[in-house]
Amino acid sequence: MVVDDHPMWRDGLARDLAEAGYEVVAAVGEGRQAVRVAAAVRPELVVLDLQLPDLSGVEVARRLAASDPPPRVLVLSASGEQDDVLAAVKAGASGYLLKSASKEEFLEAVRRTAGGDAVFTPGLAGLVLGEYRRLAAQPAPDVAPRLTERETEVLRLVAKGLSYKQIAERLVLSHRTVQNHVQNTLNKLQLHNRVELVRYAIEQGLDEPLGEP
């Protein structure tokens, strides 16, 4: 799925992707429209511009990351500013490429992002790595006591990669109840999306089976 407010650029990206063998399920120009359409067509990867007329690309990435399952998001932007890059990554973007990239670099970034890699324009990768190192050096908050037993139980299953539907079936809860538990947990931990939630749960060892060291 391609999200860019410039029609010629958007159409060009969609054409390049189609010629490279990808199925372009949608090409839209507004942020809210992108969130609605993504929920309907469920793309595996979204190529996203940051500058959109109604909703920022960062907010779109955050909302997409909260979907179930979340698509991989490759930001394609004219901005290489540190704040923009870090905001996009923290919102859940898998990669960040500048619009000055060649067609070959773009298609390679799409291929690698689709395969699970974190892809960045040269020079930006070090910036992102440095930020994660800075965050890793900070003491982790002791948040376990702030979560209820049910919230912790749901978090364990999220960390294991289960979908909300699977969690609901496992715990005999409604889909909406599971979503509410996840949202409450995000708020308590001051996290923004499911990607950050899974990362936190794994760091806390919540993806390990109960009873194991």
# chains A, B, ... in the order shown; residues from 1 in each chain; ligands from 1
>>> residues_around(residues="A:Glu196", least_positions_apart="5", cutoff="10 Å", atoms="only C-alpha atoms", output="MDAnalysis selection string")
chainID A and resid 65:66 90:92 186 189:191 201:202
>>> write_last_selection(atoms="C-alpha atoms", output="mmCIF file, in the first residue's frame")
data_model
loop_
_atom_site.group_PDB
_atom_site.id
_atom_site.type_symbol
_atom_site.label_atom_id
_atom_site.label_comp_id
_atom_site.auth_asym_id
_atom_site.auth_seq_id
_atom_site.Cartn_x
_atom_site.Cartn_y
_atom_site.Cartn_z
ATOM 1 C CA ALA A 65 1.319 -0.415 14.439
ATOM 2 C CA ALA A 66 -1.628 -0.829 16.805
ATOM 3 C CA LYS A 90 9.229 5.203 17.810
ATOM 4 C CA ALA A 91 5.796 5.168 16.172
ATOM 5 C CA GLY A 92 6.536 1.719 14.763
ATOM 6 C CA LEU A 186 0.053 0.698 26.801
ATOM 7 C CA LEU A 189 3.728 1.608 30.484
ATOM 8 C CA GLN A 190 3.682 4.853 28.501
ATOM 9 C CA LEU A 191 4.186 2.958 25.259
ATOM 10 C CA ALA A 201 7.482 -7.798 27.169
ATOM 11 C CA ILE A 202 10.441 -9.656 25.669
#
>>> select_by_dssp(residues="stretch 11-73 of chain A", states="helix (DSSP H, G or I)", output="PDB file with N, CA and C atoms, in the first residue's frame")
ATOM      1  N   ASP A  11       1.557   7.694  -7.794  1.00  0.00           N
ATOM      2  CA  ASP A  11       1.329   6.816  -8.946  1.00  0.00           C
ATOM      3  C   ASP A  11       2.631   6.196  -9.437  1.00  0.00           C
ATOM      4  N   GLY A  12       3.716   6.982  -9.366  1.00  0.00           N
ATOM      5  CA  GLY A  12       5.008   6.464  -9.811  1.00  0.00           C
ATOM      6  C   GLY A  12       5.502   5.336  -8.914  1.00  0.00           C
ATOM      7  N   LEU A  13       5.340   5.498  -7.616  1.00  0.00           N
ATOM      8  CA  LEU A  13       5.743   4.444  -6.681  1.00  0.00           C
ATOM      9  C   LEU A  13       4.920   3.179  -6.900  1.00  0.00           C
ATOM     10  N   ALA A  14       3.610   3.361  -7.067  1.00  0.00           N
ATOM     11  CA  ALA A  14       2.735   2.207  -7.287  1.00  0.00           C
ATOM     12  C   ALA A  14       3.125   1.478  -8.566  1.00  0.00           C
ATOM     13  N   ARG A  15       3.468   2.239  -9.592  1.00  0.00           N
ATOM     14  CA  ARG A  15       3.862   1.632 -10.862  1.00  0.00           C
ATOM     15  C   ARG A  15       5.181   0.872 -10.719  1.00  0.00           C
ATOM     16  N   ASP A  16       6.155   1.488 -10.041  1.00  0.00           N
ATOM     17  CA  ASP A  16       7.449   0.819  -9.843  1.00  0.00           C
ATOM     18  C   ASP A  16       7.279  -0.487  -9.070  1.00  0.00           C
ATOM     19  N   LEU A  17       6.425  -0.458  -8.049  1.00  0.00           N
ATOM     20  CA  LEU A  17       6.195  -1.660  -7.241  1.00  0.00           C
ATOM     21  C   LEU A  17       5.504  -2.748  -8.061  1.00  0.00           C
ATOM     22  N   ALA A  18       4.508  -2.345  -8.842  1.00  0.00           N
ATOM     23  CA  ALA A  18       3.782  -3.322  -9.667  1.00  0.00           C
ATOM     24  C   ALA A  18       4.716  -3.951 -10.699  1.00  0.00           C
ATOM     25  N   GLU A  19       5.565  -3.129 -11.312  1.00  0.00           N
ATOM     26  CA  GLU A  19       6.499  -3.643 -12.326  1.00  0.00           C
ATOM     27  C   GLU A  19       7.526  -4.585 -11.693  1.00  0.00           C
ATOM     28  N   GLY A  31      -3.967  10.755   5.430  1.00  0.00           N
ATOM     29  CA  GLY A  31      -3.653   9.907   6.571  1.00  0.00           C
ATOM     30  C   GLY A  31      -4.830   9.123   7.110  1.00  0.00           C
ATOM     31  N   ARG A  32      -5.941   9.799   7.366  1.00  0.00           N
ATOM     32  CA  ARG A  32      -7.110   9.092   7.918  1.00  0.00           C
ATOM     33  C   ARG A  32      -7.635   8.063   6.926  1.00  0.00           C
ATOM     34  N   GLN A  33      -7.602   8.442   5.651  1.00  0.00           N
ATOM     35  CA  GLN A  33      -8.013   7.503   4.605  1.00  0.00           C
ATOM     36  C   GLN A  33      -7.105   6.279   4.611  1.00  0.00           C
ATOM     37  N   ALA A  34      -5.818   6.509   4.816  1.00  0.00           N
ATOM     38  CA  ALA A  34      -4.851   5.404   4.839  1.00  0.00           C
ATOM     39  C   ALA A  34      -5.173   4.423   5.958  1.00  0.00           C
ATOM     40  N   VAL A  35      -5.509   4.945   7.144  1.00  0.00           N
ATOM     41  CA  VAL A  35      -5.826   4.076   8.283  1.00  0.00           C
ATOM     42  C   VAL A  35      -7.082   3.261   7.992  1.00  0.00           C
ATOM     43  N   ARG A  36      -8.107   3.915   7.426  1.00  0.00           N
ATOM     44  CA  ARG A  36      -9.363   3.216   7.111  1.00  0.00           C
ATOM     45  C   ARG A  36      -9.150   2.139   6.056  1.00  0.00           C
ATOM     46  N   VAL A  37      -8.445   2.510   4.987  1.00  0.00           N
ATOM     47  CA  VAL A  37      -8.233   1.574   3.886  1.00  0.00           C
ATOM     48  C   VAL A  37      -7.365   0.396   4.330  1.00  0.00           C
ATOM     49  N   ALA A  38      -6.340   0.682   5.131  1.00  0.00           N
ATOM     50  CA  ALA A  38      -5.460  -0.387   5.603  1.00  0.00           C
ATOM     51  C   ALA A  38      -6.237  -1.414   6.417  1.00  0.00           C
ATOM     52  N   ALA A  39      -7.207  -0.946   7.195  1.00  0.00           N
ATOM     53  CA  ALA A  39      -8.019  -1.865   7.997  1.00  0.00           C
ATOM     54  C   ALA A  39      -8.848  -2.781   7.106  1.00  0.00           C
ATOM     55  N   ALA A  40      -9.174  -2.285   5.898  1.00  0.00           N
ATOM     56  CA  ALA A  40     -10.005  -3.068   4.978  1.00  0.00           C
ATOM     57  C   ALA A  40      -9.182  -4.010   4.103  1.00  0.00           C
ATOM     58  N   VAL A  41      -8.062  -3.516   3.577  1.00  0.00           N
ATOM     59  CA  VAL A  41      -7.286  -4.325   2.620  1.00  0.00           C
ATOM     60  C   VAL A  41      -6.137  -5.085   3.275  1.00  0.00           C
ATOM     61  N   GLY A  57       2.254  11.521   9.064  1.00  0.00           N
ATOM     62  CA  GLY A  57       2.689  10.162   8.787  1.00  0.00           C
ATOM     63  C   GLY A  57       3.083   9.428  10.046  1.00  0.00           C
ATOM     64  N   VAL A  58       3.614  10.154  11.034  1.00  0.00           N
ATOM     65  CA  VAL A  58       3.992   9.535  12.310  1.00  0.00           C
ATOM     66  C   VAL A  58       2.753   8.974  13.003  1.00  0.00           C
ATOM     67  N   GLU A  59       1.669   9.750  13.002  1.00  0.00           N
ATOM     68  CA  GLU A  59       0.437   9.281  13.642  1.00  0.00           C
ATOM     69  C   GLU A  59      -0.165   8.116  12.860  1.00  0.00           C
ATOM     70  N   VAL A  60      -0.068   8.157  11.548  1.00  0.00           N
ATOM     71  CA  VAL A  60      -0.547   7.032  10.733  1.00  0.00           C
ATOM     72  C   VAL A  60       0.241   5.774  11.087  1.00  0.00           C
ATOM     73  N   ALA A  61       1.569   5.903  11.174  1.00  0.00           N
ATOM     74  CA  ALA A  61       2.414   4.751  11.528  1.00  0.00           C
ATOM     75  C   ALA A  61       2.032   4.212  12.902  1.00  0.00           C
ATOM     76  N   ARG A  62       1.757   5.103  13.849  1.00  0.00           N
ATOM     77  CA  ARG A  62       1.386   4.685  15.208  1.00  0.00           C
ATOM     78  C   ARG A  62       0.076   3.894  15.183  1.00  0.00           C
ATOM     79  N   ARG A  63      -0.895   4.376  14.406  1.00  0.00           N
ATOM     80  CA  ARG A  63      -2.193   3.689  14.345  1.00  0.00           C
ATOM     81  C   ARG A  63      -2.086   2.359  13.607  1.00  0.00           C
ATOM     82  N   LEU A  64      -1.251   2.320  12.575  1.00  0.00           N
ATOM     83  CA  LEU A  64      -1.057   1.064  11.855  1.00  0.00           C
ATOM     84  C   LEU A  64      -0.363   0.036  12.746  1.00  0.00           C
ATOM     85  N   ALA A  65       0.590   0.496  13.559  1.00  0.00           N
ATOM     86  CA  ALA A  65       1.319  -0.415  14.439  1.00  0.00           C
ATOM     87  C   ALA A  65       0.415  -1.016  15.505  1.00  0.00           C
TER      88      ALA A  65
END
>>> residues_around(residues="A:Ser163", least_positions_apart="3", cutoff="7 Å", atoms="only C-alpha atoms", output="number ranges by chain")
A: 68-69, 166-167
>>> residues_around(residues="A:Val75", least_positions_apart="2", cutoff="7 Å", atoms="only C-alpha atoms", output="VMD selection string")
chain A and resid 47 to 49 73 77 93 95 to 97
>>> closest_residue(among="A:Met1, A:Ala159, A:Val178, A:Ala168", to="A:Gly205", atoms="only C-alpha atoms")
A:Ala159
